[in-house]
Structures are given as structure tokens and as C-alpha cells.
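Notes follow once the structure below has been shown.
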Amino acid sequence: MVGALAMSVLAGCKQESVTQTPAGEQGANTGYAFERGYPTEGTAQKAYDDADLNAAIQAYKFFYPAVSIEATWEGNARAGLIANKAFLLMNGSPYQVVFTPNSDTPYSGANIDLTAGPMVVEIPPGLVMGVVNDMNQRYVMDLGIPGPDKGKGGKYLLLPPGYTGRAPGGYFTGTPTTNRVLLLVRSIPPEGNVQAAIDKLKAVKLHPLNKPTGWPELTWIDIGNRHVDFTPVPWEKNIQYWEQLAKQIDEEPPFEGYRREYGLLASLGIIKGQPFNPDERMKGILVKAAQIANDQMRIQSFADRRPDRIAWPDRKWEWAGLRPENGEFNAGYYKDLDARTKWFYQAQIESPAMFRRDAAAGSLYWLGTRDSTGAFLDGGKTYKLTVHLPVPARLFWSITVYDNETRSEIVTDTYKAALRSLYELKGKTGSGSVDLYSGPSAPAGHENEWVKTNPGKGWFTYFRIYGPEKAAFDGSWKPGDFEAVH
């Protein structure tokens, strides 16, 4: 009896497993049509178009940091930089198009090419902060105050990927995943003395490890108020995005950690060592993917749905960086791709010192996109922001206003985009509070505490603290929200 029952059950299972799904149901709710289990000709093409579009959207988002930093490399070159032999000097200002630049300190930047061998960066002692990212926009090393020299000065050695030589002693070493890297260095102006900060930057040295005889002195190029675009904005919604990415893939060594993502690119016709020559069908898919992916990144960046974005439960301020654990968006066993996407859509450079949320952090950024009612910030309205004093910053603090289309400093006829403790707000360090304003015109008597905005356009802001203190993290201090005045 038991055996007969078992045979009956097994027979029933076997019969169920070979039951055929009606052909008409195989494409139910998918938009795909099948005949006798095979796709129709139109369905096959639609499926491939859909698959290629999905792959392109994923690839676009993942490789956006690489295309973004490629734009910076090219912007540096257009401004006159020669790799390994020059530094660019600039102040974060509305004259340049740069993703969410610091407006407080002068910058210097260098294009470094390791193709010919290791390069040395010498950092002087003092209030200097530097970072190196490679062309995948991956963190390589911090220098100066946030680096291993801790502001005492030191020699840093950049080794090419795959370097097998023996590195000499006496250097802090870093190995990127690409041959080209970007070096960014900032110097804090003592008491707001910008020239003193620039002089400190000019003490930075860059040269090959085995410097040949006659190696030229560094050239320093001050771009002043020249208009230079360092962003991928001109490329980001058209075929140029993919052309720039294909060029970088072809020029740089592959990174083993991106093997899966290179597979996405290969399915789209971007393969190292092969020409990128998409047909009209693929061009249309790639452009559509660029437009969809970029819009999705904008939504994720400025209308984020993550609960952990909120800095304080009773405020609208958000964390600009969602992953404080490290500088590479690693969270346990996975890469936090949403946090990575949000950051690189509105900013550049990854570094542990930029994301850490403790008193050892070099800096701290909060993102503001909404007013106290939850409405997005409107360039046609006037807002008041109350900042309680003292701000818990050992070094300085600022609030900078950015155009949400370019993610660069807002451009108005004032060419002023920031209110800073080192300059406009100098001396406001006691108890109480200070009211800051934004809008199309300055409230009477508050011209020095005001940033002009453009009617008909949106904007966002970063509230920055350098040298954050405990109160910046434990909730005992927090800024007010933007209050619409009229």
C-alpha cells in the first residue's frame, strides 16, 4: 500500500513537471509574443532592444565617475596643463564650471601620467590637504593633513599599476588602477590670507622618482577668472558620453574588479582594443540610455528616498555622502551603488577624509535642496537661514550655492556664490546666531549675508564644516532650515 501510494505521488509529480504552458501565455505581461514557444521576429528584436537599453542604463551609471574625471583631465589640459610638468591654480568661483567646488580655499591640480614610471609628490608642512584619484575616480591616497604625514609634510610615491620594481624607503606609496591620475591640493588661508595659501601651494613639488638631468621646473598656471569647464555636462546626454568612455577604456589598463561591468560595455560594442563604431540602432539606444540614466541620477541625487539621507530628524538637511565607513562606498559585503551614484552626480573625488563622521574627519558636508516646508528651493524666492553660533568647526565653515543643472557654483551678475567664515562672515564666532539670505535681491541691511539666485531656476547648497567637532555629530548643534521670507 505504501509503495503504491509513493508511486502514485511520483507519477503525479512527473505528470505536473511536463505540463506545457500555453504558447500564448509565455509572453504574458512582458509585451513579447511567441508562436509554438519561439519568439516572433518582432519580439526578438524588441527583446534585444530592451536588453541593450537596460545594459546601457546600468553601464552609464556605473562608469559615470570615470567619464566625469576624464572631463576634468581634459579641462585641465585645455587650461594649459602639461602632464607631470605643471600645476593649475584656481579659486572655486562661478567663473569655472566644476562640480560642487569648495569656495573657501585656493586649489591646485595636476595631471599625472605614470606611463614612464613612478612619480613623486612632495608636500610641505602646514595647512595643506591633498588627495589623489585615478581615472576610474577611485581613491588612491590622501596627502597633507588628512594623509599619513598629518600636516608635517612628506614625500609621496605614485607607482604605476602592475609595477614590479622595488619602491625605495622614505615615501608614502600609492598604486592606482590607471596610468593617469589626478592630484588635487588645497591650502587653508591663514586668517583668510589667500596669497599665503597660494604661496604654500607653490611649495608642492612634482617630479619623476628618478628625475632625469635637466628636468624642468614646475609651471604654475593661474586661471583667474577664465571660463573653463571641468565637467562632463556637455557630453552627459549624447553619444559623446560613450565616445569618451570608449576612449578611456582603450587607453587605460583594465581593472579586475570591473570585469562584470566591462561585460556590460562589451555587449554595447565598447571593447578594449577594438574600434567603437555603433550602428544607427545602437547609437539611438545609447543616447536614449544616457538621457534616461542621467535623469534617474538627478532624481536620486535631489529627491532621494533613502531614510538614512536625513542628517537630523527635525531638519530637511541631508548627508551629502551617504557612506561614512570608508572612501569607496563599501558597505559590508557589497558596494553601495545608490550612494556612489548620488555622490558622483553632484560631486567629484572620493576619499575617506571627506565622508567620515567623527571628530577626526577632515571635513563634513550637508546637502540642502528643500525649505522648511519640504518644497524644493526656488531661485525666485527669498529665504532666510539661521545658523547658530558658534559653528563646531576648528578650521572654518561655509555655505555655497550651486546651480542644480550644472552642479557648479551659481552664476549671477554678482559672481558671488558663497558665504564663508573666512571672508564674508569673518568674526561671527560668538554665541547667538547669524541670519543668511538667498534670493533675487538682498534684504535691506543684509547685503553682506546674501547670495543672489535666479528666478525660474532651482538651486541647492552644501553646508561645509572643516575640522568638525563633536557637536556636529551628536545633535547638540544643527543649523536651521531655509525659511521662505517672500
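If you're wondering about the labels, chains in the C-alpha cells are A, B, ... by order shown, residues count from 1 in each chain, ligands from 1 in order shown.
The environment of Leu264 of chain A within 12 Å, counting only C-alpha atoms and disregarding residues fewer than 2 places along the same chain, consists of A:Ala51, A:Asp52, A:Leu53, A:Asn54, A:Ala55, A:Ala56, A:Ile57, A:Gln58, A:Ala59, A:Tyr60, A:Lys61, A:Phe62, A:Phe63, A:Tyr258, A:Arg259, A:Arg260, A:Glu261, A:Tyr262, A:Ala266, A:Ser267, A:Leu268, A:Gly269, A:Ile270, A:Ile271.
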Please, could you write that set of residues out with N, CA and C atoms as a compact mmCIF listing (two decimals), in the first residue's frame?
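out37.txt written:
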```txt
# COMPACT_ATOMS: atom_id res chain seq x y z
N ALA A 51 16.99 44.74 -23.82
CA ALA A 51 18.17 44.26 -23.08
C ALA A 51 19.34 45.23 -23.24
N ASP A 52 19.54 45.70 -24.47
CA ASP A 52 20.64 46.64 -24.70
C ASP A 52 20.40 47.96 -23.96
N LEU A 53 19.16 48.42 -23.94
CA LEU A 53 18.85 49.66 -23.22
C LEU A 53 19.09 49.49 -21.73
N ASN A 54 18.65 48.38 -21.18
CA ASN A 54 18.86 48.14 -19.75
C ASN A 54 20.35 48.05 -19.42
N ALA A 55 21.11 47.35 -20.26
CA ALA A 55 22.56 47.24 -20.04
C ALA A 55 23.22 48.61 -20.11
N ALA A 56 22.78 49.42 -21.07
CA ALA A 56 23.38 50.75 -21.24
C ALA A 56 23.07 51.66 -20.06
N ILE A 57 21.85 51.58 -19.53
CA ILE A 57 21.50 52.39 -18.36
C ILE A 57 22.36 52.00 -17.17
N GLN A 58 22.54 50.70 -16.94
CA GLN A 58 23.39 50.25 -15.84
C GLN A 58 24.83 50.71 -16.05
N ALA A 59 25.34 50.52 -17.27
CA ALA A 59 26.73 50.89 -17.56
C ALA A 59 26.94 52.39 -17.42
N TYR A 60 25.98 53.18 -17.88
CA TYR A 60 26.10 54.64 -17.79
C TYR A 60 26.31 55.06 -16.34
N LYS A 61 25.47 54.57 -15.46
CA LYS A 61 25.56 54.97 -14.06
C LYS A 61 26.87 54.50 -13.44
N PHE A 62 27.25 53.28 -13.75
CA PHE A 62 28.46 52.74 -13.11
C PHE A 62 29.71 53.48 -13.55
N PHE A 63 29.79 53.82 -14.82
CA PHE A 63 31.02 54.43 -15.34
C PHE A 63 30.96 55.96 -15.34
N TYR A 258 36.32 45.37 -12.17
CA TYR A 258 35.24 45.83 -13.05
C TYR A 258 34.92 44.81 -14.15
N ARG A 259 35.32 43.56 -13.97
CA ARG A 259 35.14 42.55 -15.03
C ARG A 259 33.67 42.45 -15.47
N ARG A 260 32.73 42.42 -14.50
CA ARG A 260 31.32 42.30 -14.86
C ARG A 260 30.87 43.54 -15.64
N GLU A 261 31.29 44.71 -15.17
CA GLU A 261 30.84 45.95 -15.82
C GLU A 261 31.45 46.09 -17.22
N TYR A 262 32.68 45.59 -17.41
CA TYR A 262 33.25 45.58 -18.76
C TYR A 262 32.41 44.68 -19.68
N ALA A 266 30.92 45.52 -23.26
CA ALA A 266 31.18 44.68 -24.43
C ALA A 266 29.90 44.38 -25.18
N SER A 267 28.81 44.17 -24.45
CA SER A 267 27.53 43.90 -25.11
C SER A 267 27.03 45.11 -25.88
N LEU A 268 27.59 46.29 -25.58
CA LEU A 268 27.21 47.53 -26.26
C LEU A 268 28.22 47.94 -27.32
N GLY A 269 29.26 47.12 -27.51
CA GLY A 269 30.24 47.41 -28.54
C GLY A 269 31.45 48.19 -28.07
N ILE A 270 31.63 48.33 -26.74
CA ILE A 270 32.81 49.02 -26.20
C ILE A 270 33.74 47.95 -25.64
N ILE A 271 34.78 47.64 -26.40
CA ILE A 271 35.72 46.57 -26.05
C ILE A 271 37.13 47.10 -26.23
```
Would you mind listing what lies within 7 Å of segment 114-129 of chain A as a list in words, with only C-alpha atoms counted and same-chain residues fewer than 3 positions away left out?
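What passes the distance filter is Leu143, Gly144, Ile145, Pro146, Gly151, Lys152, Gly153, Gly154, Lys155, Tyr156, Leu157, Leu158, Leu159, Pro160, Asn179, Arg180, Val185, Arg186, Ser187, Ile188, Ala203, Val204, Lys205, Leu206, His207, Pro208 and Leu209 of chain A.
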N, CA and C atoms of the current selection, written as a CSV table (one decimal), in the first residue's frame:
```csv
chain,number,residue,atom,x,y,z
A,143,LEU,N,46.9,63.2,1.2
A,143,LEU,CA,48.2,63.8,1.5
A,143,LEU,C,48.0,65.0,2.4
A,144,GLY,N,49.0,65.4,3.1
A,144,GLY,CA,48.9,66.5,4.0
A,144,GLY,C,48.1,66.2,5.3
A,145,ILE,N,47.3,67.2,5.7
A,145,ILE,CA,46.6,67.0,7.0
A,145,ILE,C,45.8,65.7,7.0
A,146,PRO,N,45.0,65.3,6.0
A,146,PRO,CA,44.3,64.1,6.1
A,146,PRO,C,45.1,62.8,5.8
A,151,GLY,N,50.0,66.6,8.3
A,151,GLY,CA,50.3,68.0,8.2
A,151,GLY,C,51.8,68.4,8.5
A,152,LYS,N,52.6,67.4,8.7
A,152,LYS,CA,54.0,67.6,9.0
A,152,LYS,C,54.9,67.6,7.7
A,153,GLY,N,54.2,67.4,6.6
A,153,GLY,CA,54.9,67.3,5.3
A,153,GLY,C,55.5,65.9,5.0
A,154,GLY,N,55.6,65.6,3.8
A,154,GLY,CA,56.2,64.3,3.5
A,154,GLY,C,56.3,64.1,2.0
A,155,LYS,N,57.0,62.9,1.6
A,155,LYS,CA,57.2,62.6,0.2
A,155,LYS,C,56.2,61.4,-0.1
A,156,TYR,N,55.5,61.5,-1.2
A,156,TYR,CA,54.6,60.5,-1.6
A,156,TYR,C,55.0,60.0,-3.0
A,157,LEU,N,54.9,58.7,-3.1
A,157,LEU,CA,55.3,58.0,-4.3
A,157,LEU,C,54.2,57.3,-5.0
A,158,LEU,N,53.9,57.7,-6.2
A,158,LEU,CA,52.8,57.1,-7.0
A,158,LEU,C,53.4,56.0,-8.0
A,159,LEU,N,53.0,54.8,-7.8
A,159,LEU,CA,53.5,53.7,-8.6
A,159,LEU,C,52.5,53.3,-9.7
A,160,PRO,N,53.0,53.0,-10.9
A,160,PRO,CA,52.1,52.6,-12.0
A,160,PRO,C,51.4,51.3,-11.7
A,179,ASN,N,47.0,54.4,-15.4
A,179,ASN,CA,48.2,55.1,-15.5
A,179,ASN,C,48.1,56.6,-15.3
A,180,ARG,N,47.0,57.2,-15.6
A,180,ARG,CA,46.8,58.6,-15.4
A,180,ARG,C,46.1,58.8,-14.1
A,185,VAL,N,45.2,69.5,-4.6
A,185,VAL,CA,45.8,70.0,-3.3
A,185,VAL,C,45.1,71.4,-3.0
A,186,ARG,N,44.8,71.5,-1.7
A,186,ARG,CA,44.2,72.8,-1.2
A,186,ARG,C,45.0,73.3,0.0
A,187,SER,N,45.1,74.6,0.2
A,187,SER,CA,45.8,75.1,1.3
A,187,SER,C,44.8,76.1,2.0
A,188,ILE,N,44.7,76.0,3.3
A,188,ILE,CA,43.8,76.8,4.1
A,188,ILE,C,44.4,78.2,4.3
A,203,ALA,N,54.8,75.5,-2.9
A,203,ALA,CA,55.9,74.8,-2.3
A,203,ALA,C,55.7,73.3,-2.6
A,204,VAL,N,54.6,72.9,-3.1
A,204,VAL,CA,54.4,71.5,-3.5
A,204,VAL,C,55.3,71.2,-4.7
A,205,LYS,N,55.9,70.0,-4.7
A,205,LYS,CA,56.8,69.6,-5.8
A,205,LYS,C,56.3,68.3,-6.4
A,206,LEU,N,56.6,68.2,-7.7
A,206,LEU,CA,56.2,67.0,-8.5
A,206,LEU,C,57.3,66.7,-9.5
A,207,HIS,N,57.8,65.4,-9.4
A,207,HIS,CA,58.9,65.0,-10.4
A,207,HIS,C,58.9,63.5,-10.4
A,208,PRO,N,59.6,63.0,-11.4
A,208,PRO,CA,59.8,61.5,-11.5
A,208,PRO,C,60.6,61.0,-10.3
A,209,LEU,N,60.5,59.7,-10.0
A,209,LEU,CA,61.3,59.1,-8.9
A,209,LEU,C,62.8,59.2,-9.3
```
Do a neighbour search on Gly467 of chain A at 8 Å with only C-alpha atoms, toss out local chain neighbours closer than 5 positions, and write the hits as a PyMOL selection string.
chain A and resi 359-363+393-396
Dump C-alpha atoms for the selected residues as a short mmCIF file (atom, residue, chain, number, x, y, z; two decimals), in the first residue's frame?
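again22.cif was written with the following content:
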```
data_model
loop_
_atom_site.label_atom_id
_atom_site.label_comp_id
_atom_site.auth_asym_id
_atom_site.auth_seq_id
_atom_site.Cartn_x
_atom_site.Cartn_y
_atom_site.Cartn_z
CA ALA A 359 35.88 64.47 15.09
CA ALA A 360 38.84 63.05 13.16
CA ALA A 361 37.20 63.90 9.84
CA GLY A 362 38.89 66.49 7.67
CA SER A 363 35.58 67.94 6.51
CA ALA A 393 34.40 73.96 13.22
CA ARG A 394 38.03 74.01 14.33
CA LEU A 395 39.10 75.49 11.00
CA PHE A 396 36.23 77.19 9.13
#
```
Restricting the calculation to only C-alpha atoms, which member of A:Tyr462, A:Tyr163, A:Trp215, A:Tyr241 is positioned closest to Asp403 of chain A?
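Checking each of A:Tyr462, A:Tyr163, A:Trp215, A:Tyr241 against Asp403 of chain A, counting only C-alpha atoms, the winner is A:Tyr462.
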Find the distance between atom CA of Arg309 of chain A and atom CA of Gly432 of chain A and write it in Å to one decimal.
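That distance, rounded to one decimal, is 28.0 Å.
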Near-Gly480 of chain A list (9 Å; only C-alpha atoms; drop same-chain fewer than 3 positions) as a VMD selection string
chain A and resid 315 to 317 372 385 to 388 483
Glu447 of chain A environment, 12 Å, only C-alpha atoms, sequence neighbours closer than 2 positions dropped, as a count of residues only:
20
State, in Å with one decimal place, the distance from atom CA of Ala110 of chain A to atom CA of Ser408 of chain A.
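Pair atom CA of Ala110 of chain A / atom CA of Ser408 of chain A returns 20.3 Å.
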Choose the residue, out of A:Leu182, A:Gln96, A:Gly321, A:Ser68, that has the smallest atom-to-atom separation from Asp113 of chain A; count only C-alpha atoms.
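Of all the options, A:Leu182 lies closest to Asp113 of chain A.
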Option closest in space to Tyr466 of chain A, from A:Arg357, A:Ile292, A:Gly380, A:Thr453 [counting only C-alpha atoms]:
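The answer is A:Arg357, which sits nearest to Tyr466 of chain A.
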Enumerate as a PyMOL selection string all residues of segment 22-245 of chain A assigned to alpha helix (DSSP H) by DSSP on the backbone, naming them with the chain letters and numbers the document uses.
chain A and resi 41-78+194-201+239-245
